[in-house]
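The structure file target-v6.txt is reproduced below (compact mmCIF, C-alpha atoms and all ligand atoms).
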# COMPACT_ATOMS: atom_id res chain seq x y z
CA MET A 205 -6.45 -7.44 0.72
CA PRO A 206 -8.91 -5.01 -0.84
CA ASN A 207 -9.02 -1.42 0.31
CA CYS A 208 -12.46 -1.26 1.80
CA ASP A 209 -12.75 0.65 5.03
CA PHE A 210 -9.97 3.23 4.51
CA GLY A 211 -7.46 0.48 3.90
CA ARG A 212 -8.58 -1.58 6.86
CA PRO A 213 -10.25 -4.95 6.44
CA CYS A 214 -14.03 -5.05 6.83
CA ASP A 215 -16.61 -7.81 6.88
CA CYS A 216 -17.20 -7.98 3.11
CA ILE A 217 -16.70 -11.27 1.29
CA ASP A 218 -13.36 -10.19 -0.24
CA CYS A 219 -11.84 -9.31 3.12
CA ARG A 220 -13.11 -12.49 4.71
CA THR A 221 -11.89 -14.85 2.01
CA ILE A 222 -8.42 -16.39 2.12
CA TYR A 223 -6.86 -18.80 -0.36
CA GLU A 224 -5.16 -22.00 0.69
CA HIS A 225 -3.84 -25.08 -0.99
CA ILE A 226 -3.94 -28.72 -0.08
CA LYS A 227 -1.40 -31.12 -1.57
CA CYS A 228 -2.66 -34.40 -2.95
CA PRO A 229 -0.75 -37.26 -1.26
CA LYS A 230 -1.10 -39.35 -4.40
CA CYS A 231 -0.07 -37.03 -7.25
CA ASN A 232 1.34 -34.03 -5.32
CA PHE A 233 -1.03 -31.62 -7.06
CA LYS A 234 -1.65 -28.33 -5.26
CA ASN A 235 -5.42 -28.15 -4.84
CA TYR A 236 -6.66 -24.62 -4.24
CA VAL A 237 -9.54 -23.91 -1.90
CA THR A 238 -11.11 -20.79 -0.46
CA VAL A 239 -11.82 -20.30 3.20
CA ILE A 240 -14.41 -17.71 4.16
CA ARG A 241 -13.63 -16.47 7.63
CA LYS A 242 -16.00 -15.12 10.24
CA ALA A 243 -15.64 -11.44 11.00
CA GLU A 244 -16.52 -9.85 14.28
CA TYR A 245 -16.45 -6.19 15.12
CA GLU A 246 -14.83 -5.43 18.41
CA VAL A 247 -14.26 -2.16 20.19
CA ASP A 248 -11.26 -1.92 22.48
CA ARG A 249 -11.01 0.05 25.75
CA LYS A 250 -9.93 3.21 23.90
CA GLY A 251 -13.12 3.01 21.87
CA ILE A 252 -11.35 2.02 18.65
CA GLY A 253 -13.20 -0.58 16.64
CA ALA A 254 -11.80 -3.15 14.21
CA TYR A 255 -12.76 -6.42 12.59
CA TYR A 256 -11.29 -9.64 13.90
CA PHE A 257 -11.28 -12.77 11.78
CA THR A 258 -11.59 -16.37 12.84
CA ILE A 259 -11.37 -19.45 10.65
CA PRO A 260 -14.24 -21.90 11.10
CA THR A 261 -13.08 -25.32 12.33
CA GLU A 262 -16.17 -27.22 11.26
CA PRO A 263 -17.35 -29.13 9.32
CA ILE A 264 -14.17 -31.05 8.56
CA LYS A 265 -14.37 -31.97 4.90
CA ASP A 266 -12.88 -34.42 2.43
CA LEU A 267 -11.51 -33.21 -0.90
CA ASN A 268 -11.37 -34.82 -4.33
CA CYS A 269 -8.03 -34.07 -5.99
CA PHE A 270 -8.75 -31.85 -9.00
CA LYS A 271 -6.08 -33.60 -11.04
CA CYS A 272 -6.21 -37.32 -10.24
CA GLY A 273 -9.57 -37.59 -8.49
CA PHE A 274 -8.07 -39.20 -5.37
CA LEU A 275 -10.26 -38.70 -2.31
CA ILE A 276 -8.20 -36.88 0.32
CA LYS A 277 -9.87 -37.58 3.66
CA LYS A 278 -10.46 -35.02 6.41
CA VAL A 279 -8.46 -32.08 5.08
CA GLY A 280 -10.08 -29.69 7.55
CA TYR A 281 -12.49 -26.86 6.93
CA TYR A 282 -12.73 -25.08 3.59
CA SER A 283 -15.58 -23.16 1.99
CA ASP A 284 -15.14 -23.90 -1.71
CA VAL A 285 -12.91 -25.55 -4.24
CA ASP A 286 -11.19 -22.82 -6.30
CA ASN A 287 -11.48 -24.34 -9.76
CA ASP A 288 -10.09 -21.29 -11.59
CA ALA A 289 -6.91 -21.52 -9.53
CA ASN A 290 -6.79 -25.30 -10.06
CA LYS A 291 -7.02 -24.86 -13.85
CA ARG A 292 -4.20 -22.33 -13.70
CA GLU A 293 -2.15 -24.78 -11.64
CA ILE A 294 -2.68 -27.54 -14.24
CA GLU A 295 -1.53 -25.11 -16.93
CA ARG A 296 1.47 -24.13 -14.80
CA GLU A 297 2.51 -27.78 -14.38
CA GLU A 298 2.14 -28.25 -18.12
CA ARG A 299 4.50 -25.36 -18.83
CA ILE A 300 7.05 -26.59 -16.30
CA LYS A 301 6.97 -29.98 -18.05
CA GLN A 302 7.62 -28.23 -21.38
CA GLY A 303 10.58 -26.44 -19.84
CA ARG A 304 9.01 -23.00 -20.16
CA ILE A 305 10.66 -21.73 -17.00
CA CYS A 306 13.52 -19.36 -16.22
CA ALA A 307 16.72 -21.37 -15.85
CA GLU A 308 17.84 -19.14 -12.97
CA CYS A 309 14.80 -18.37 -10.81
CA GLN A 310 12.31 -21.01 -12.08
CA GLN A 311 9.54 -18.48 -12.78
CA VAL A 312 7.04 -19.89 -15.26
CA GLU A 313 6.50 -18.20 -18.61
CA GLU A 314 3.28 -16.17 -18.86
CA MET A 315 2.06 -17.55 -15.53
CA ASP A 316 4.23 -15.84 -12.94
CA PHE A 317 4.56 -12.13 -12.32
CA ASP A 318 7.40 -9.86 -11.40
CA ALA A 319 6.69 -6.58 -9.65
CA ARG A 320 8.89 -4.63 -12.10
CA PHE A 321 8.48 -6.49 -15.36
CA GLY A 322 4.96 -7.87 -15.11
CA ARG A 323 4.15 -11.18 -16.77
CA VAL A 324 7.22 -13.37 -17.21
CA ILE A 325 8.49 -13.60 -20.81
CA LEU A 326 11.48 -15.81 -21.56
CA LYS A 327 14.45 -14.78 -23.68
CA GLU A 328 17.35 -16.98 -24.69
CA LYS A 329 20.83 -16.10 -23.57
CA ASN A 330 23.90 -18.34 -23.79
CA GLY A 331 21.66 -21.37 -24.38
CA LYS A 332 19.47 -20.68 -21.35
CA ASN A 333 15.90 -19.41 -21.16
CA LEU A 334 15.77 -16.46 -18.80
CA CYS A 335 13.04 -14.20 -17.43
CA GLN A 336 13.39 -10.44 -17.95
CA LYS A 337 15.00 -9.90 -14.57
CA CYS A 338 17.61 -12.66 -14.86
CA TYR A 339 18.30 -11.63 -18.47
CA ALA A 340 18.99 -8.06 -17.33
CA GLU A 341 21.31 -9.40 -14.63
CA VAL A 342 23.40 -11.27 -17.24
CA ILE A 343 23.63 -8.22 -19.52
CA LYS A 344 24.59 -6.05 -16.53
CA ASN A 345 27.51 -8.39 -15.80
CA GLU A 346 28.55 -8.52 -19.45
CA ILE A 347 28.85 -4.77 -19.97
CA PRO A 348 31.41 -3.24 -17.63
CA ASP A 349 30.21 -0.43 -15.38
CA PRO A 350 31.65 2.71 -17.05
CA SER A 351 31.73 4.62 -13.74
CA SER A 352 34.94 6.52 -13.04
CA ASP A 353 36.28 8.96 -10.47
CA THR A 354 34.21 11.69 -12.08
CA GLU A 355 31.14 9.82 -13.38
CA LYS A 356 28.65 7.49 -11.73
CA TYR A 357 26.43 5.20 -13.77
CA TYR A 358 23.50 2.96 -12.85
CA PHE A 359 22.18 -0.02 -14.79
CA ASP A 360 18.69 0.40 -16.22
CA GLU A 361 17.13 -3.09 -16.22
CA LYS A 362 14.52 -2.17 -18.83
CA GLU A 363 16.76 -0.27 -21.26
CA LEU A 364 19.53 -2.83 -20.61
CA GLU A 365 22.23 -0.20 -20.47
CA TRP A 366 24.31 1.85 -18.08
CA ILE A 367 22.94 5.36 -17.64
CA LEU A 368 24.89 8.35 -16.40
CA GLU A 369 23.54 9.36 -13.02
CA LYS A 370 26.04 11.73 -11.41
CA ILE A 371 28.99 13.73 -12.61
CA LYS A 372 31.80 15.37 -10.63
CA ILE A 373 32.62 18.89 -11.77
CA SER A 374 34.87 21.52 -10.23
CA CYS A 375 33.49 24.98 -9.72
CA GLU A 376 34.98 27.34 -12.32
CA VAL A 377 35.49 30.04 -9.68
CA CYS A 378 36.73 28.35 -6.49
CA GLY A 379 37.68 24.97 -7.93
CA LYS A 380 35.69 23.02 -5.35
CA GLU A 381 34.60 19.59 -6.65
CA ARG A 382 30.98 18.54 -6.33
CA TRP A 383 28.75 15.71 -7.58
CA LEU A 384 25.88 16.89 -9.78
CA ASN A 385 22.94 14.94 -11.15
CA ALA A 386 23.59 14.29 -14.82
CA GLU A 387 20.89 16.74 -15.91
CA ASN A 388 22.54 19.55 -13.89
CA HIS A 389 26.00 19.20 -15.45
CA TRP A 390 25.73 22.70 -16.99
CA LYS A 391 26.00 24.34 -13.55
CA LYS A 392 29.49 25.79 -13.79
CA LYS A 393 29.64 27.42 -10.37
CA CYS A 394 29.10 25.91 -6.95
CA LEU A 395 26.11 27.21 -5.04
CA LYS A 396 28.22 29.50 -2.86
CA CYS A 397 30.02 31.15 -5.80
CA TYR A 398 26.76 31.35 -7.73
CA ARG A 399 25.12 33.28 -4.88
CA GLU A 400 28.15 35.53 -4.42
CA ASN A 401 28.18 36.30 -8.11
CA LYS A 402 24.59 37.51 -7.96
CA LYS A 403 25.30 40.20 -5.34
ZN ZN A 501 -13.86 -5.43 2.72
ZN ZN A 502 -4.04 -36.10 -6.97
ZN ZN A 503 14.55 -15.54 -13.69
ZN ZN A 504 32.78 27.78 -6.09
Could you render the structure from this file as structure tokens?
Ligand SMILES: [Zn+2]
Ligand SMILES: [Zn+2]
Ligand SMILES: [Zn+2]
Ligand SMILES: [Zn+2]
Amino acid sequence: MPNCDFGRPCDCIDCRTIYEHIKCPKCNFKNYVTVIRKAEYEVDRKGIGAYYFTIPTEPIKDLNCFKCGFLIKKVGYYSDVDNDANKREIEREERIKQGRICAECQQVEEMDFDARFGRVILKEKNGKNLCQKCYAEVIKNEIPDPSSDTEKYYFDEKELEWILEKIKISCEVCGKERWLNAENHWKKKCLKCYRENKK
């Protein structure tokens, strides 16, 4: 949803539009349509106003399947056929047919997105095509976690390696053990001894 009215939905076309798909009973193709909702501004008893959306129920329309042309009768109300989405869906099906999908999570190459890695790119590992995320998971399991009683590591999915995160060091004065972030490993004294030393 777009950020229009301070993050709240308004009555602009973007806020009112939702995307739906209708499956063709003949070829199973996912046909994408847009539905433009009606927006009404209502003020509640506390005087706070907000937009409320309703989906029109009429007219009930038929739909020609984008892929096979089959006439799907009485699919309900929709505003428009989303041909850009339908073209993408055709392309997606094509890639699935060519086997350009992650063997683990079935994400489609260059079509699907991952929040961390962006557009899916496949890489081969042990005879399988894997997306970035599943590839990182395999590497993580291959390289043993080097963490010990005095060191903690985390796996960086982008660098594909274990990175030192925390280190346990005893204070050179009182001998008390404490966990420090890796970048603070030079701190030889615990906070208490450090403060006492300054007096
Ligand atoms: Zn809006
Ligand atoms: Zn069809
Ligand atoms: Zn995957
Ligand atoms: Zn100390």
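When the distance limit is 9 Å and all atoms listed in the file are what count, the residues near Leu368 (chain A), minus those fewer than 3 positions from it on the same chain, are Pro350, Ser351, Glu355, Lys356, Tyr357, Tyr358, Phe359, Ile371, Asn385 and Ala386 of chain A.
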How would you write, as a PyMOL selection string, the set of residues no farther than 12 Å from ligand ZN 501 (chain A) when counting all atoms listed in the file? chain A and resi 205-221+243+254-255+257
List as an MDAnalysis selection string: which residues have an atom within 6 Å of (5.7, -14.5, -19.0), counting only C-alpha atoms? chainID A and resid 313:315 323:325
Using all atoms listed in the file, which residues have at least one atom no more than 7 Å from ligand ZN 503 (chain A)? Output them as a ChimeraX atom specification. /A:306-311,334-338
Proximity check chain A to ligand ZN 502 (chain A), 7 Å, nearest pairs one decimal Å, only C-alpha atoms and all ligand atoms, as CSV:
residue,atom,partner,partner_atom,distance
A:Cys228,CA,A:ZN502,ZN,4.6
A:Pro229,CA,A:ZN502,ZN,6.7
A:Lys230,CA,A:ZN502,ZN,5.1
A:Cys231,CA,A:ZN502,ZN,4.1
A:Asn232,CA,A:ZN502,ZN,6.0
A:Phe233,CA,A:ZN502,ZN,5.4
A:Cys269,CA,A:ZN502,ZN,4.6
A:Phe270,CA,A:ZN502,ZN,6.7
A:Lys271,CA,A:ZN502,ZN,5.2
A:Cys272,CA,A:ZN502,ZN,4.1
A:Gly273,CA,A:ZN502,ZN,5.9
A:Phe274,CA,A:ZN502,ZN,5.3
Between A:Lys391, A:Asn333, A:Gly379, A:Asn401, which has the minimum distance to ligand ZN 504 (chain A) (counting all atoms listed in the file)?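 Closest candidate: A:Gly379.
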Could you give me the centre and size, in Å to one decimal, of an axis-aligned box around all listed atoms of region 281-293 of chain A with 6 Å added on every side, as lines of an AutoDock Vina configuration file?
center_x = -8.9
center_y = -24.1
center_z = -3.5
size_x = 25.4
size_y = 17.6
size_z = 32.8
If the limit is 7 Å from any atom of ligand ZN 504 (chain A), counting only C-alpha atoms and all ligand atoms, which residues qualify? Return them as JSON, numbers by chain. {"A": [375, 376, 377, 378, 379, 380, 393, 394, 395, 396, 397]}
Nearest to Asn268 (chain A): which of A:Phe321, A:Trp390, A:Tyr236, A:Tyr398 is it, counting only C-alpha atoms? A:Tyr236
Residues within 12 Å of (-14.1, -27.5, 5.1), counting all atoms listed in the file, listed as a PyMOL selection string: chain A and resi 224+226+237-241+259-267+277-285
Next, write the just-selected residues to a file, as a PDB file, keeping the file's coordinate frame, keeping C-alpha atoms as the atom set.
ATOM      1  CA  GLU A 224      -5.160 -22.000   0.690  1.00  0.00           C
ATOM      2  CA  ILE A 226      -3.940 -28.720  -0.080  1.00  0.00           C
ATOM      3  CA  VAL A 237      -9.540 -23.910  -1.900  1.00  0.00           C
ATOM      4  CA  THR A 238     -11.110 -20.790  -0.460  1.00  0.00           C
ATOM      5  CA  VAL A 239     -11.820 -20.300   3.200  1.00  0.00           C
ATOM      6  CA  ILE A 240     -14.410 -17.710   4.160  1.00  0.00           C
ATOM      7  CA  ARG A 241     -13.630 -16.470   7.630  1.00  0.00           C
ATOM      8  CA  ILE A 259     -11.370 -19.450  10.650  1.00  0.00           C
ATOM      9  CA  PRO A 260     -14.240 -21.900  11.100  1.00  0.00           C
ATOM     10  CA  THR A 261     -13.080 -25.320  12.330  1.00  0.00           C
ATOM     11  CA  GLU A 262     -16.170 -27.220  11.260  1.00  0.00           C
ATOM     12  CA  PRO A 263     -17.350 -29.130   9.320  1.00  0.00           C
ATOM     13  CA  ILE A 264     -14.170 -31.050   8.560  1.00  0.00           C
ATOM     14  CA  LYS A 265     -14.370 -31.970   4.900  1.00  0.00           C
ATOM     15  CA  ASP A 266     -12.880 -34.420   2.430  1.00  0.00           C
ATOM     16  CA  LEU A 267     -11.510 -33.210  -0.900  1.00  0.00           C
ATOM     17  CA  LYS A 277      -9.870 -37.580   3.660  1.00  0.00           C
ATOM     18  CA  LYS A 278     -10.460 -35.020   6.410  1.00  0.00           C
ATOM     19  CA  VAL A 279      -8.460 -32.080   5.080  1.00  0.00           C
ATOM     20  CA  GLY A 280     -10.080 -29.690   7.550  1.00  0.00           C
ATOM     21  CA  TYR A 281     -12.490 -26.860   6.930  1.00  0.00           C
ATOM     22  CA  TYR A 282     -12.730 -25.080   3.590  1.00  0.00           C
ATOM     23  CA  SER A 283     -15.580 -23.160   1.990  1.00  0.00           C
ATOM     24  CA  ASP A 284     -15.140 -23.900  -1.710  1.00  0.00           C
ATOM     25  CA  VAL A 285     -12.910 -25.550  -4.240  1.00  0.00           C
TER      26      VAL A 285
END
Atom-to-atom span, CA of Trp383 (chain A) and CA of Lys370 (chain A), Å: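 The value is 6.2 Å.
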Atom pair CA of Asp288 (chain A) + CA of Asn235 (chain A), distance 10.7 Å
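Take the candidates A:Val312, A:Val342, A:Ile373, A:Val247 and check each one against Leu326 (chain A) using only C-alpha atoms; the shortest distance goes to A:Val312.
Note that the spacing between CA of Arg296 (chain A) and CA of Tyr223 (chain A) amounts to 17.5 Å.
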Go through A:Gly322, A:Asp316, A:Glu365, A:Glu295 and flag the residue nearest Ile343 (chain A), using all atoms listed in the file for the distances. A:Glu365
File output for region 327-358 of chain A (N, CA and C atoms) as a CSV table (one decimal), in the first residue's frame:
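Below is the file that was written, selection-v2.csv:
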chain,number,residue,atom,x,y,z
A,327,LYS,N,22.4,-20.8,-8.5
A,327,LYS,CA,23.8,-21.2,-8.4
A,327,LYS,C,23.8,-22.7,-8.3
A,328,GLU,N,24.7,-23.4,-8.9
A,328,GLU,CA,24.7,-24.9,-8.8
A,328,GLU,C,25.5,-25.3,-7.6
A,329,LYS,N,24.9,-26.3,-6.9
A,329,LYS,CA,25.6,-26.8,-5.7
A,329,LYS,C,25.2,-28.3,-5.6
A,330,ASN,N,26.2,-29.2,-5.6
A,330,ASN,CA,25.9,-30.6,-5.5
A,330,ASN,C,24.9,-31.1,-6.5
A,331,GLY,N,24.9,-30.6,-7.8
A,331,GLY,CA,24.0,-31.0,-8.8
A,331,GLY,C,22.6,-30.4,-8.7
A,332,LYS,N,22.4,-29.4,-7.8
A,332,LYS,CA,21.1,-28.8,-7.7
A,332,LYS,C,21.2,-27.3,-8.0
A,333,ASN,N,20.2,-26.7,-8.6
A,333,ASN,CA,20.2,-25.3,-8.7
A,333,ASN,C,19.5,-24.7,-7.5
A,334,LEU,N,20.2,-23.7,-6.9
A,334,LEU,CA,19.7,-23.2,-5.6
A,334,LEU,C,19.7,-21.6,-5.7
A,335,CYS,N,18.7,-21.0,-5.1
A,335,CYS,CA,18.6,-19.6,-4.9
A,335,CYS,C,19.7,-19.2,-3.9
A,336,GLN,N,19.9,-17.9,-3.8
A,336,GLN,CA,21.0,-17.4,-2.9
A,336,GLN,C,20.8,-17.8,-1.5
A,337,LYS,N,19.6,-17.8,-1.0
A,337,LYS,CA,19.3,-18.1,0.4
A,337,LYS,C,19.5,-19.6,0.7
A,338,CYS,N,19.0,-20.5,-0.2
A,338,CYS,CA,19.2,-21.9,0.0
A,338,CYS,C,20.7,-22.3,-0.2
A,339,TYR,N,21.4,-21.6,-1.1
A,339,TYR,CA,22.8,-21.8,-1.3
A,339,TYR,C,23.6,-21.5,0.0
A,340,ALA,N,23.2,-20.4,0.5
A,340,ALA,CA,23.9,-20.0,1.8
A,340,ALA,C,23.7,-21.0,2.9
A,341,GLU,N,22.5,-21.5,2.9
A,341,GLU,CA,22.1,-22.5,3.9
A,341,GLU,C,23.0,-23.8,3.8
A,342,VAL,N,23.2,-24.2,2.6
A,342,VAL,CA,24.1,-25.4,2.3
A,342,VAL,C,25.5,-25.1,2.8
A,343,ILE,N,26.0,-24.0,2.4
A,343,ILE,CA,27.4,-23.6,2.8
A,343,ILE,C,27.5,-23.5,4.3
A,344,LYS,N,26.5,-22.9,4.9
A,344,LYS,CA,26.5,-22.8,6.4
A,344,LYS,C,26.6,-24.2,7.1
A,345,ASN,N,25.9,-25.2,6.5
A,345,ASN,CA,26.0,-26.5,7.1
A,345,ASN,C,27.3,-27.3,6.7
A,346,GLU,N,27.9,-26.8,5.7
A,346,GLU,CA,29.2,-27.5,5.3
A,346,GLU,C,30.3,-27.1,6.1
A,347,ILE,N,30.4,-25.7,6.4
A,347,ILE,CA,31.5,-25.2,7.2
A,347,ILE,C,31.1,-25.3,8.7
A,348,PRO,N,31.8,-26.0,9.5
A,348,PRO,CA,31.4,-26.1,10.9
A,348,PRO,C,31.5,-24.7,11.6
A,349,ASP,N,30.6,-24.5,12.5
A,349,ASP,CA,30.6,-23.3,13.3
A,349,ASP,C,31.8,-23.3,14.2
A,350,PRO,N,32.7,-22.3,14.0
A,350,PRO,CA,34.0,-22.3,14.8
A,350,PRO,C,33.8,-21.8,16.3
A,351,SER,N,32.6,-21.5,16.7
A,351,SER,CA,32.4,-21.0,18.0
A,351,SER,C,32.9,-21.9,19.1
A,352,SER,N,33.4,-21.3,20.1
A,352,SER,CA,34.0,-22.1,21.2
A,352,SER,C,33.5,-21.5,22.6
A,353,ASP,N,34.1,-22.0,23.7
A,353,ASP,CA,33.7,-21.4,25.0
A,353,ASP,C,34.1,-20.0,25.1
A,354,THR,N,35.0,-19.5,24.3
A,354,THR,CA,35.5,-18.1,24.4
A,354,THR,C,35.2,-17.3,23.2
A,355,GLU,N,34.6,-17.9,22.1
A,355,GLU,CA,34.4,-17.1,20.9
A,355,GLU,C,33.0,-17.5,20.3
A,356,LYS,N,32.2,-16.5,19.9
A,356,LYS,CA,30.9,-16.7,19.3
A,356,LYS,C,31.0,-16.2,17.9
A,357,TYR,N,30.6,-17.0,16.9
A,357,TYR,CA,30.5,-16.7,15.5
A,357,TYR,C,29.1,-16.6,15.0
A,358,TYR,N,28.8,-15.8,14.0
A,358,TYR,CA,27.6,-15.9,13.3
A,358,TYR,C,27.9,-16.1,11.8
